[in-house]
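Participant: Supplied structure: model.txt, compact mmCIF, C-alpha atoms.
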```txt
# COMPACT_ATOMS: atom_id res chain seq x y z
CA MET J 19 -34.47 -9.34 -17.77
CA THR J 20 -33.77 -11.01 -14.44
CA GLY J 21 -34.99 -14.30 -15.85
CA HIS J 22 -32.11 -14.32 -18.35
CA GLY J 23 -29.49 -13.00 -15.98
CA TYR J 24 -26.14 -11.53 -16.85
CA LEU J 25 -26.06 -12.75 -20.47
CA ALA J 26 -29.15 -10.72 -21.34
CA LEU J 27 -27.43 -7.61 -19.97
CA LEU J 28 -24.23 -8.26 -21.90
CA ARG J 29 -26.16 -8.52 -25.17
CA GLN J 30 -26.92 -4.81 -24.85
CA ARG J 31 -24.10 -3.00 -26.61
CA GLU J 32 -24.17 0.09 -24.40
CA PHE J 33 -24.24 -1.83 -21.15
CA ALA J 34 -21.46 -4.14 -22.37
CA GLY J 35 -19.30 -1.13 -23.22
CA LEU J 36 -19.99 0.67 -19.95
CA TYR J 37 -19.32 -2.57 -18.06
CA ALA J 38 -16.06 -3.32 -19.91
CA GLY J 39 -14.81 0.22 -19.39
CA SER J 40 -15.62 0.07 -15.69
CA THR J 41 -13.84 -3.28 -15.35
CA LEU J 42 -10.69 -2.11 -17.10
CA LEU J 43 -10.63 1.07 -15.03
CA ALA J 44 -11.04 -0.93 -11.82
CA GLY J 45 -8.12 -3.16 -12.76
CA ALA J 46 -5.98 -0.13 -13.62
CA GLY J 47 -6.83 1.54 -10.31
CA THR J 48 -5.92 -1.59 -8.37
CA LEU J 49 -2.55 -1.96 -10.08
CA SER J 50 -1.61 1.72 -9.80
CA GLY J 51 -2.73 1.92 -6.15
CA PHE J 52 -0.78 -1.19 -5.20
CA ALA J 53 2.30 0.05 -7.06
CA LEU J 54 2.15 3.47 -5.37
CA GLY J 55 1.63 1.87 -1.95
CA ALA J 56 4.66 -0.38 -2.47
CA LEU J 57 6.72 2.60 -3.62
CA VAL J 58 5.77 4.71 -0.59
CA GLN J 59 6.30 1.82 1.83
CA ALA J 60 9.79 1.20 0.40
CA ARG J 61 10.75 4.89 0.50
CA THR J 62 9.31 5.91 3.86
CA GLY J 63 8.49 2.78 5.89
CA SER J 64 5.52 4.71 7.31
CA PRO J 65 2.20 2.85 7.83
CA PHE J 66 0.36 6.19 7.74
CA LEU J 67 1.80 7.36 4.42
CA THR J 68 1.42 3.91 2.88
CA ALA J 69 -2.26 3.78 3.84
CA VAL J 70 -2.88 7.31 2.60
CA SER J 71 -1.10 6.59 -0.70
CA MET J 72 -3.47 3.68 -1.35
CA TYR J 73 -6.72 5.37 -0.25
CA GLY J 74 -5.97 9.07 0.23
CA ALA J 75 -7.71 10.10 -3.01
CA SER J 76 -10.95 9.46 -1.15
CA PHE J 77 -10.78 12.84 0.58
CA ALA J 78 -10.51 14.64 -2.74
CA ALA J 79 -13.44 12.58 -4.05
CA LEU J 80 -15.62 14.01 -1.30
CA LEU J 81 -14.62 17.55 -2.26
CA GLY J 82 -15.52 16.75 -5.85
CA ALA J 83 -18.93 15.49 -4.75
CA LEU J 84 -19.57 18.74 -2.89
CA THR J 85 -18.69 20.96 -5.86
CA LEU J 86 -19.03 19.11 -9.19
CA MET J 87 -21.67 16.42 -8.81
CA SER J 88 -24.53 18.20 -10.58
CA ALA J 89 -22.57 17.64 -13.81
CA ALA J 90 -23.32 13.92 -13.47
CA ASP J 91 -26.89 14.67 -14.56
CA GLY J 92 -25.89 17.03 -17.38
CA GLU J 93 -27.07 16.81 -20.97
CA ARG J 94 -23.88 15.13 -22.28
CA PRO J 95 -22.92 12.38 -19.80
CA ARG J 96 -20.99 10.35 -22.38
CA ARG J 97 -18.71 13.28 -23.21
CA THR J 98 -18.20 13.92 -19.50
CA LEU J 99 -17.27 10.29 -18.86
CA VAL J 100 -14.79 10.10 -21.75
CA ALA J 101 -13.12 13.34 -20.62
CA LEU J 102 -12.71 11.95 -17.11
CA HIS J 103 -11.20 8.75 -18.51
CA LEU J 104 -8.65 10.85 -20.40
CA LEU J 105 -7.79 12.73 -17.21
CA ALA J 106 -7.20 9.44 -15.39
CA LEU J 107 -5.02 8.28 -18.28
CA ALA J 108 -2.84 11.40 -18.11
CA ALA J 109 -2.40 11.12 -14.33
CA THR J 110 -1.60 7.39 -14.39
CA SER J 111 0.93 7.93 -17.19
CA ALA J 112 2.60 10.66 -15.13
CA GLN J 113 2.84 8.30 -12.15
CA ALA J 114 4.88 5.96 -14.33
CA VAL J 115 7.67 8.56 -14.61
CA ARG J 116 10.60 7.22 -12.59
CA GLY J 117 12.08 10.45 -11.20
CA LEU J 118 8.83 12.00 -9.98
CA PRO J 119 9.07 12.98 -6.26
CA LEU J 120 6.47 11.83 -3.75
CA GLY J 121 4.93 15.31 -3.42
CA PRO J 122 3.77 15.52 -7.06
CA ARG J 123 2.68 11.89 -6.88
CA PHE J 124 0.32 12.68 -4.01
CA ALA J 125 -0.87 15.78 -5.90
CA LEU J 126 -1.76 13.62 -8.93
CA LEU J 127 -3.50 11.16 -6.64
CA LEU J 128 -5.65 13.92 -5.19
CA ALA J 129 -6.41 15.39 -8.63
CA VAL J 130 -7.75 12.07 -9.90
CA GLY J 131 -9.68 11.57 -6.67
CA PHE J 132 -11.30 15.00 -7.01
CA PHE J 133 -12.95 13.94 -10.27
CA GLN J 134 -13.49 10.30 -9.30
CA SER J 135 -16.89 10.85 -7.70
CA LEU J 136 -18.13 12.71 -10.79
CA GLY J 137 -17.03 9.78 -12.95
CA THR J 138 -18.86 7.29 -10.77
CA GLY J 139 -22.00 9.41 -10.64
CA THR J 140 -22.00 9.86 -14.41
CA ARG J 141 -21.41 6.14 -14.99
CA MET J 142 -24.16 5.06 -12.59
CA GLY J 143 -26.55 7.65 -14.00
CA LEU J 144 -25.97 6.19 -17.46
CA LEU J 145 -26.44 2.69 -16.06
CA ALA J 146 -29.83 3.62 -14.59
CA GLU J 147 -30.90 4.88 -18.03
CA ILE J 148 -29.47 2.01 -20.08
CA VAL J 149 -31.19 -0.76 -18.07
CA PRO J 150 -34.83 -0.80 -16.87
CA PRO J 151 -35.54 -0.36 -13.13
CA GLU J 152 -36.14 -4.08 -12.54
CA GLY J 153 -32.70 -4.87 -13.98
CA TYR J 154 -30.76 -2.26 -12.03
CA ALA J 155 -29.75 -4.46 -9.08
CA LEU J 156 -28.65 -7.23 -11.43
CA ALA J 157 -26.63 -4.78 -13.53
CA ARG J 158 -25.04 -3.19 -10.46
CA SER J 159 -24.26 -6.67 -9.14
CA LEU J 160 -22.48 -7.64 -12.37
CA VAL J 161 -20.45 -4.42 -12.33
CA ASN J 162 -19.50 -5.02 -8.68
CA VAL J 163 -18.70 -8.70 -9.22
CA THR J 164 -16.41 -7.96 -12.13
CA ALA J 165 -14.79 -5.03 -10.33
CA GLY J 166 -14.11 -7.44 -7.48
CA GLY J 167 -12.65 -9.93 -9.94
CA ALA J 168 -10.48 -7.21 -11.45
CA ALA J 169 -9.30 -6.30 -7.96
CA VAL J 170 -8.48 -9.95 -7.18
CA LEU J 171 -6.43 -10.23 -10.36
CA GLY J 172 -4.95 -6.78 -9.83
CA PHE J 173 -3.72 -7.47 -6.32
CA ALA J 174 -2.53 -10.98 -7.18
CA LEU J 175 -0.83 -9.87 -10.40
CA GLY J 176 0.45 -6.71 -8.75
CA GLY J 177 2.19 -8.72 -6.04
CA ALA J 178 3.62 -11.14 -8.62
CA LEU J 179 4.64 -8.49 -11.15
CA LEU J 180 6.45 -6.43 -8.53
CA THR J 181 8.93 -9.29 -8.23
CA VAL J 182 9.95 -8.77 -11.86
CA LEU J 183 8.84 -5.20 -12.63
CA SER J 184 9.49 -1.89 -10.89
CA PRO J 185 6.51 0.03 -9.47
CA TYR J 186 6.97 2.52 -12.34
CA ARG J 187 6.52 -0.14 -15.00
CA LEU J 188 3.53 -1.53 -13.14
CA MET J 189 1.98 1.94 -13.33
CA GLY J 190 2.69 1.86 -17.07
CA VAL J 191 0.59 -1.32 -17.31
CA ALA J 192 -2.17 0.49 -15.40
CA ALA J 193 -1.98 3.37 -17.90
CA ALA J 194 -2.43 0.93 -20.79
CA LEU J 195 -5.55 -0.50 -19.15
CA THR J 196 -6.91 3.03 -18.64
CA ALA J 197 -6.36 3.80 -22.33
CA ALA J 198 -8.27 0.65 -23.30
CA ALA J 199 -11.15 1.62 -20.97
CA THR J 200 -11.33 5.06 -22.57
CA ALA J 201 -11.48 3.64 -26.08
CA VAL J 202 -14.20 1.11 -25.23
CA VAL J 203 -16.50 3.70 -23.63
CA ALA J 204 -15.96 6.19 -26.47
CA VAL J 205 -16.91 3.60 -29.11
CA THR J 206 -19.88 1.86 -27.45
CA VAL J 207 -21.78 4.34 -25.25
CA ARG J 208 -24.04 6.85 -26.97
CA GLU J 209 -25.02 10.30 -25.76
CA ARG J 210 -28.31 10.32 -23.88
CA SER J 211 -31.12 12.59 -25.11
CA VAL J 212 -33.73 11.99 -22.39
CA ARG J 213 -32.27 14.30 -19.75
CA PRO J 214 -33.87 17.70 -19.09
CA PRO J 215 -31.66 20.73 -19.73
CA ARG J 216 -29.63 21.63 -16.64
CA ARG J 217 -26.89 24.12 -15.86
CA PRO J 218 -24.34 22.18 -13.81
CA GLY J 219 -22.36 24.15 -11.27
CA LEU J 220 -21.56 24.74 -7.64
CA ARG J 221 -24.98 26.21 -6.81
CA GLU J 222 -26.86 23.34 -8.47
CA THR J 223 -24.60 20.79 -6.79
CA TRP J 224 -25.21 22.30 -3.36
CA ARG J 225 -28.96 22.45 -3.95
CA GLY J 226 -29.08 18.77 -4.87
CA ASN J 227 -26.84 17.75 -1.96
CA VAL J 228 -28.90 19.73 0.57
CA GLU J 229 -32.05 18.06 -0.73
CA LEU J 230 -30.39 14.64 -0.55
CA LEU J 231 -29.12 15.04 3.01
CA GLY J 232 -32.34 16.73 4.15
CA ARG J 233 -34.27 13.46 4.02
CA PRO J 234 -33.92 11.34 7.20
CA GLY J 235 -34.35 8.08 5.27
CA ARG J 236 -31.53 8.92 2.91
CA ARG J 237 -29.27 10.05 5.77
CA ALA J 238 -29.70 6.73 7.56
CA LEU J 239 -28.97 4.77 4.40
CA LEU J 240 -25.93 6.89 3.58
CA LEU J 241 -24.53 6.38 7.09
CA ASN J 242 -24.66 2.62 6.60
CA LEU J 243 -23.27 2.83 3.09
CA TRP J 244 -20.33 4.97 4.17
CA VAL J 245 -19.04 4.36 7.70
CA PRO J 246 -18.88 0.57 8.25
CA ASN J 247 -17.32 0.08 4.80
CA GLY J 248 -14.78 2.83 5.36
CA LEU J 249 -13.59 1.49 8.69
CA VAL J 250 -13.10 -2.00 7.23
CA VAL J 251 -11.16 -0.55 4.31
CA GLY J 252 -8.99 1.09 6.96
CA CYS J 253 -8.22 -2.42 8.22
CA GLU J 254 -7.23 -3.44 4.69
CA ALA J 255 -5.02 -0.37 4.32
CA LEU J 256 -2.77 -1.84 7.03
CA PHE J 257 -2.12 -5.13 5.23
CA LEU J 258 1.27 -3.98 3.90
CA PRO J 259 2.71 -3.20 7.36
CA TYR J 260 0.74 -6.08 8.95
CA ALA J 261 2.13 -8.76 6.61
CA PRO J 262 4.64 -7.25 4.15
CA GLY J 263 5.28 -10.55 2.38
CA ALA J 264 1.63 -11.57 2.15
CA ALA J 265 -0.22 -8.28 1.66
CA GLY J 266 -1.13 -9.18 -1.92
CA VAL J 267 -2.61 -12.48 -0.74
CA LEU J 268 -4.75 -10.76 1.91
CA LEU J 269 -5.94 -8.05 -0.49
CA ALA J 270 -6.79 -10.64 -3.14
CA ALA J 271 -8.67 -12.74 -0.56
CA GLY J 272 -10.78 -9.74 0.43
CA SER J 273 -11.57 -8.95 -3.20
CA ALA J 274 -12.46 -12.60 -3.88
CA GLY J 275 -14.87 -12.58 -0.95
CA MET J 276 -16.43 -9.37 -2.21
CA LEU J 277 -16.82 -10.91 -5.67
CA ALA J 278 -18.51 -14.02 -4.26
CA GLY J 279 -20.83 -12.00 -2.04
CA ASP J 280 -21.96 -9.72 -4.86
CA LEU J 281 -22.48 -12.71 -7.13
CA VAL J 282 -24.70 -14.56 -4.66
CA VAL J 283 -26.61 -11.56 -3.32
CA GLY J 284 -27.07 -9.77 -6.65
CA ARG J 285 -27.67 -12.75 -8.93
CA LEU J 286 -29.32 -15.46 -6.83
CA LEU J 287 -31.42 -13.52 -4.31
CA ASP J 288 -34.48 -11.40 -5.00
CA ALA J 289 -35.03 -7.90 -3.61
CA ALA J 290 -36.91 -9.13 -0.53
CA TRP J 291 -34.12 -11.47 0.51
CA ARG J 292 -31.47 -8.85 -0.16
CA ALA J 293 -33.31 -6.47 2.17
CA ARG J 294 -33.58 -9.11 4.91
CA LEU J 295 -29.89 -10.00 4.78
CA ALA J 296 -28.48 -6.46 4.70
CA TYR J 297 -27.94 -6.22 8.47
CA GLY J 298 -26.35 -9.66 8.79
CA LEU J 299 -24.00 -8.91 5.92
CA ARG J 300 -22.93 -5.69 7.63
CA LEU J 301 -21.98 -7.71 10.74
CA LEU J 302 -20.14 -10.22 8.57
CA LEU J 303 -18.18 -7.38 6.98
CA ALA J 304 -16.28 -6.47 10.15
CA GLY J 305 -16.53 -9.47 12.49
CA PRO J 306 -13.79 -11.69 10.98
CA PHE J 307 -11.25 -8.85 11.15
CA LEU J 308 -11.28 -9.16 14.93
CA LEU J 309 -9.39 -12.45 14.46
CA LEU J 310 -6.44 -10.63 12.91
CA ALA J 311 -5.64 -9.07 16.30
CA ALA J 312 -4.57 -12.57 17.41
CA ARG J 313 -2.11 -12.65 14.46
CA PRO J 314 -3.17 -16.05 13.04
CA PRO J 315 -1.21 -17.85 10.28
CA VAL J 316 -1.42 -16.27 6.83
CA TRP J 317 -3.85 -18.89 5.51
CA ALA J 318 -6.23 -18.31 8.44
CA ALA J 319 -5.97 -14.53 8.09
CA ALA J 320 -6.68 -14.81 4.36
CA LEU J 321 -9.72 -17.01 5.06
CA ALA J 322 -11.07 -14.51 7.61
CA VAL J 323 -10.53 -11.59 5.23
CA GLY J 324 -12.21 -13.49 2.39
CA VAL J 325 -15.28 -14.27 4.52
CA ALA J 326 -15.47 -10.64 5.61
CA GLY J 327 -15.27 -9.50 1.99
CA ALA J 328 -18.64 -11.11 1.30
CA GLY J 329 -20.16 -8.59 3.71
CA PHE J 330 -19.57 -5.78 1.23
CA ALA J 331 -22.60 -7.18 -0.63
CA ALA J 332 -24.79 -5.35 1.91
CA THR J 333 -24.14 -2.32 -0.26
CA LEU J 334 -26.47 -3.69 -2.97
CA PRO J 335 -29.77 -3.69 -1.01
CA LEU J 336 -28.91 -0.34 0.58
CA GLN J 337 -28.23 1.14 -2.87
CA GLU J 338 -31.56 -0.23 -4.07
CA ARG J 339 -33.34 1.52 -1.22
CA LEU J 340 -31.55 4.77 -1.95
CA LEU J 341 -32.43 4.56 -5.65
CA ALA J 342 -36.10 3.98 -4.78
CA LEU J 343 -36.09 7.18 -2.71
CA THR J 344 -34.52 9.26 -5.52
CA PRO J 345 -36.35 11.04 -8.39
CA ALA J 346 -35.13 9.92 -11.81
CA ALA J 347 -33.80 13.38 -12.76
CA GLY J 348 -31.29 13.38 -9.89
CA ARG J 349 -30.09 9.78 -9.87
CA GLY J 350 -26.65 10.53 -11.25
CA GLN J 351 -25.93 13.14 -8.59
CA VAL J 352 -27.34 11.04 -5.73
CA GLN J 353 -25.42 7.95 -6.75
CA GLY J 354 -22.30 10.03 -7.22
CA VAL J 355 -22.65 11.51 -3.73
CA GLU J 356 -23.26 8.04 -2.29
CA SER J 357 -20.17 6.71 -4.04
CA ALA J 358 -18.07 9.75 -3.10
CA GLY J 359 -19.06 9.49 0.55
CA ARG J 360 -18.26 5.79 0.56
CA ILE J 361 -14.89 6.46 -1.07
CA ALA J 362 -14.22 9.37 1.28
CA TRP J 363 -14.88 7.18 4.29
CA GLN J 364 -12.41 4.69 2.88
CA GLY J 365 -9.87 7.49 3.06
CA VAL J 366 -10.98 8.39 6.58
CA GLY J 367 -10.68 4.75 7.58
CA ALA J 368 -7.22 4.49 6.02
CA ALA J 369 -6.03 7.67 7.74
CA LEU J 370 -7.44 6.55 11.11
CA ALA J 371 -5.84 3.15 10.68
CA GLY J 372 -2.47 4.60 9.74
CA ALA J 373 -2.51 7.09 12.60
CA LEU J 374 -3.56 4.44 15.11
CA ALA J 375 -0.85 2.08 13.86
CA GLN J 376 1.72 4.76 14.70
CA LEU J 377 0.64 4.47 18.36
CA VAL J 378 -0.15 0.76 18.83
CA GLU J 379 0.71 -2.51 17.10
CA VAL J 380 -0.81 -2.86 13.65
CA ARG J 381 -2.87 -5.89 14.69
CA TRP J 382 -4.51 -3.94 17.52
CA ALA J 383 -5.30 -1.08 15.16
CA ILE J 384 -7.06 -3.53 12.82
CA GLY J 385 -9.05 -4.99 15.70
CA ALA J 386 -10.09 -1.54 16.95
CA LEU J 387 -11.40 -0.41 13.55
CA ALA J 388 -13.31 -3.65 13.06
CA ALA J 389 -14.97 -3.21 16.47
CA ALA J 390 -15.89 0.39 15.61
CA SER J 391 -17.47 -0.77 12.35
CA LEU J 392 -19.61 -3.30 14.21
CA LEU J 393 -20.66 -0.66 16.74
CA VAL J 394 -21.84 1.76 14.04
CA THR J 395 -23.81 -1.01 12.31
CA VAL J 396 -25.58 -2.06 15.52
CA LEU J 397 -26.37 1.47 16.75
CA SER J 398 -27.68 2.71 13.40
CA ARG J 399 -29.90 -0.29 12.69
CA PRO J 400 -33.16 1.14 14.15
CA ALA J 401 -32.91 4.26 11.97
CA VAL J 402 -32.20 2.22 8.84
CA VAL J 403 -35.16 -0.09 9.49
CA ARG J 404 -37.53 2.76 10.31
CA GLU J 405 -36.59 5.19 7.56
CA GLY J 406 -35.96 2.61 4.85
CA ARG J 407 -39.30 0.79 5.10
CA ALA J 408 -41.02 2.69 2.28
CA ALA J 409 -38.06 2.21 -0.02
CA VAL J 410 -37.93 -1.54 0.66
CA GLY J 411 -41.55 -1.88 -0.38
CA ALA J 412 -40.85 -0.04 -3.62
CA VAL J 413 -37.81 -2.19 -4.38
CA VAL J 414 -39.68 -5.44 -3.68
CA ARG J 415 -42.55 -4.39 -5.94
CA ALA J 416 -40.10 -3.49 -8.70
CA GLY J 417 -38.25 -6.78 -8.28
CA GLY J 418 -41.48 -8.75 -8.69
CA ALA J 419 -42.60 -6.80 -11.75
```
Please render this file's structure as structure tokens.
Facilitator:
Amino acid sequence: MTGHGYLALLRQREFAGLYAGSTLLAGAGTLSGFALGALVQARTGSPFLTAVSMYGASFAALLGALTLMSAADGERPRRTLVALHLLALAATSAQAVRGLPLGPRFALLLAVGFFQSLGTGTRMGLLAEIVPPEGYALARSLVNVTAGGAAVLGFALGGALLTVLSPYRLMGVAAALTAAATAVVAVTVRERSVRPPRRPGLRETWRGNVELLGRPGRRALLLNLWVPNGLVVGCEALFLPYAPGAAGVLLAAGSAGMLAGDLVVGRLLDAAWRARLAYGLRLLLAGPFLLLAARPPVWAAALAVGVAGAGFAATLPLQERLLALTPAAGRGQVQGVESAGRIAWQGVGAALAGALAQLVEVRWAIGALAAASLLVTVLSRPAVVREGRAAVGAVVRAGGA
């Protein structure tokens, strides 16, 4: 499969449908998040509330991972995924109501976030079943690249459309994209029949999570998948108060860098090279954000943010290692927990950034979070190298198969 690349993947009807649905949902999430952030910034002027409005659903996603995630490996993943798409559609449509107060808006945000991790786990569990093991990294790369492209367009279009549309109408556009994503998944993805019978629930979720976090190798990988990313997202959550007139440009630059990094690392490099470059990419993720403390011109800040965005591609080799350490029957739950933790740390990073920006200048808050991200990456490296060695060997062997 890797010899034919992305086109071979897209010829598979199920993958194409799952991929298209994920892309449309990513674009909808970008537009609705940007619209809500602009609305909160205009109403309150608070960096903290603006950051939380854009990334606060992450906390609810973690709660969902702790209570619901076993359902990601249930017998009917397609039905679960379609139901979650419909929930997102209802919530996004409600956000488009003009007179809705901020309190209910935040409640809707948290409700969608609560189920977000289950949706990701179900989607990634289906992905691991639709494509063979040697094509997983390529498939995940394509999903990430296109999600990055959708985010680039979403932030760029969001900034442009807000000059002619109200935030409420922009949320209406996001609802239309969510409806399209729901229809595509419902039509193209079939129900899987290879999963063993399981009774999803709180007890099963806790059992799987305890097993996941009880392995030192997985803990080290999860730390690197969650914390450095989350702190850098906290930097991005301050773009609206940092540069109100150019926030869309900075967000689009970061998404473009992420797209380019995933494209190069996932498509052009083999598993061995991805493993070697993971640490350097983690340093690249946070380093350029230190420049924003000097408040450079917008073009220079956008360039720095774009370069840093490529560092998000370190997620790919770390996800490969985690997948190699996970039994097939629990892949949906493990990937859902990984995604939920990563999303939750984005919320933590956003909250830390917003709180810090209440005390010091926004540029210094960005610099402090970037430095903290670098520190976590450097200090955790020995554990990642030591505990991930067996998984790297498995991934390299699979990549050469």
Participant: Can you tell me, as a PyMOL selection string, what residues are no more than 7 Å from Leu243 of chain J when counting all atoms listed in the file, ignoring any on the same chain fewer than 3 positions away?
Facilitator: chain J and resi 239-240+247+333+336+360
Participant: Keeping only C-alpha atoms, write those residues as a PDB file, keeping the file's coordinate frame.
Facilitator:
```pdb
ATOM      1  CA  LEU J 239     -28.970   4.770   4.400  1.00  0.00           C
ATOM      2  CA  LEU J 240     -25.930   6.890   3.580  1.00  0.00           C
ATOM      3  CA  ASN J 247     -17.320   0.080   4.800  1.00  0.00           C
ATOM      4  CA  THR J 333     -24.140  -2.320  -0.260  1.00  0.00           C
ATOM      5  CA  LEU J 336     -28.910  -0.340   0.580  1.00  0.00           C
ATOM      6  CA  ARG J 360     -18.260   5.790   0.560  1.00  0.00           C
TER       7      ARG J 360
END
```
Participant: Neighbouring residues of Ala261 of chain J were defined as those with any atom within 12 Å, considering only C-alpha atoms; residues of the same chain fewer than 6 positions away were excluded. Please report them as a ChimeraX atom specification.
Facilitator: /J:65,254-255,267-269,310,313-317,319-320,380-381
Participant: Which polymer residues have any atom within 12 Å of an atom of Leu102 of chain J, counting all atoms listed in the file, with same-chain residues fewer than 3 positions away left out, as a PyMOL selection string?
Facilitator: chain J and resi 43+89-90+95-99+105-109+129-141+196-197+199-200+203-204
Participant: Pick from J:Ala274, J:Ala388, J:Leu301, J:Val396: nearest to Thr164 of chain J, with all atoms listed in the file counted?
Facilitator: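 Comparing J:Ala274, J:Ala388, J:Leu301, J:Val396 against Thr164 of chain J, the winner is J:Ala274.
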Participant: Env of Leu308 of chain J: 12 Å cut, atoms = only C-alpha atoms, seq-sep filter 2 positions within chain, self excluded. Answer as a list in words.
Facilitator: Val250, Cys253, Leu301, Leu302, Leu303, Ala304, Gly305, Pro306, Leu310, Ala311, Ala312, Arg313, Pro314, Ala319, Ala322, Val323, Ala326, Arg381, Trp382, Ala383, Ile384, Gly385, Ala386, Leu387, Ala388, Ala389, Ala390, Ser391 and Leu392 of chain J
Participant: In Å, rounded to a single decimal, give me how far atom CA of Gly284 of chain J is from atom CA of Ala331 of chain J.
Facilitator: 7.9 Å
Participant: Could you tell me how far atom CA of Leu341 of chain J sits from atom CA of Ala368 of chain J, in Å to one decimal place?
Facilitator: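 One can read the atom CA of Ala368 of chain J to atom CA of Leu341 of chain J distance as 27.8 Å.
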Participant: Which residues come within 8 Å of Ala155 of chain J, counting all atoms listed in the file, excluding same-chain residues fewer than 4 positions away, as number ranges by chain?
Facilitator: J: 159, 284, 334, 338
Participant: Point out the residue among J:Ala78, J:Val70, J:Val161, J:Ala114 with the least atom-to-atom distance to Thr41 of chain J, counting all atoms listed in the file.
Facilitator: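 With all atoms listed in the file as the atom set, the closest residue is J:Val161.
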Participant: Rank nothing, just name the residue among J:Ala34, J:Ser398, J:Phe307, J:Ala342 nearest to Ile148 of chain J, using all atoms listed in the file.
Facilitator: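 That would be J:Ala34, the residue with the smallest distance to Ile148 of chain J.
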Participant: Can you work out which one of J:Ala264, J:Ala178, J:Val207, J:Leu42 has the shortest atom-to-atom distance to Ala165 of chain J, counting only C-alpha atoms?
Facilitator: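 The closest residue to Ala165 of chain J is J:Leu42.
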Participant: Please compute the atom CA of Ser357 of chain J-atom CA of Tyr154 of chain J distance, one decimal, in Å.
Facilitator: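 Value for the atom CA of Ser357 of chain J-atom CA of Tyr154 of chain J distance: 16.0 Å.
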Participant: Measuring between all atoms listed in the file, which one of J:Trp363, J:Phe66, J:Trp291, J:Phe33 shows the shortest distance to Pro150 of chain J?
Facilitator: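 Looking at the shortest contact to Pro150 of chain J, the residue is J:Phe33.
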Participant: Closest to Gly272 of chain J among J:Phe124, J:Tyr186, J:Phe257, J:Phe52, using all atoms listed in the file?
Facilitator: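 Distance minimum relative to Gly272 of chain J lands on J:Phe257.
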